[in-house]
Amino acid sequence: MKLTNLKIYHKLNTHFNEITNPQINPNVIARSIAFGIFIGTLMPVGLQSIVVIPLAGLFRLNIVIAYGSTFITNPITLVPIYYIGFYLGSILTGFNLSWNDFEIILNNPSLSNIIDLGTEALIIYLVGFG
């Protein structure tokens, strides 16, 4: 029995061709990238994947493109993005976040870390990134 005669081979080949040669509307690609970047800057690093995959499917976006676009916050861009978000949130709310608190968030950028710093840090985060 040849491998090319198997049904599973044809299914895998079809899915592989869909990924490598997508016949996607450019509008969907643009919306998927925008949505991925939005989630990438809005959510803490640990929650991005958990949130973007089901929501991209729900909004009929390309899940692979949306997921890949969340990586706008990578180790190189994390510090400036978080600094600008927290700085903007501090200005808009009038609350202050010390540099030590900001370092705690940078060492482990998770929502639980932000919540542990108190409600002011959470409000600054939500306003600055929302």
# chains A, B, ... in the order shown; residues from 1 in each chain; ligands from 1
$ residues_around --residues "Ile33 in chain A" --least-positions-apart "3" --cutoff "8 Å" --atoms "only C-alpha atoms" --output "PyMOL selection string"
chain A and resi 29-30+36-37+65-66+69
$ residues_around --residues "range 87-95 of chain A" --least-positions-apart "3" --cutoff "7 Å" --atoms "only C-alpha atoms" --output "number ranges by chain"
A: 83-84, 120, 124-125, 127-128
$ residues_around --residues "range 105-113 of chain A" --least-positions-apart "5" --cutoff "10 Å" --atoms "only C-alpha atoms" --output "PyMOL selection string"
chain A and resi 43-47+75+78-79+82-83+99-100+118+121-122+125
$ atom_distance --atom1 "CA of Asn13 in chain A" --atom2 "CA of Gly57 in chain A"
22.0 Å
$ select_by_dssp --residues "range 10-112 of chain A" --states "alpha helix (DSSP H)" --output "NGL selection string"
:A and (10-20 or 26-42 or 48-58 or 63-69 or 78-93 or 99-107 or 111-112)
$ closest_residue --among "A:Leu12, A:Val28, A:Ile115, A:Leu97" --to "Arg60 in chain A" --atoms "only C-alpha atoms"
A:Val28
$ atom_distance --atom1 "CA of Val52 in chain A" --atom2 "CA of Thr73 in chain A"
13.7 Å
$ closest_residue --among "A:Ile39, A:Leu126, A:Ile72, A:Leu6" --to "Leu55 in chain A" --atoms "only C-alpha atoms"
A:Ile39
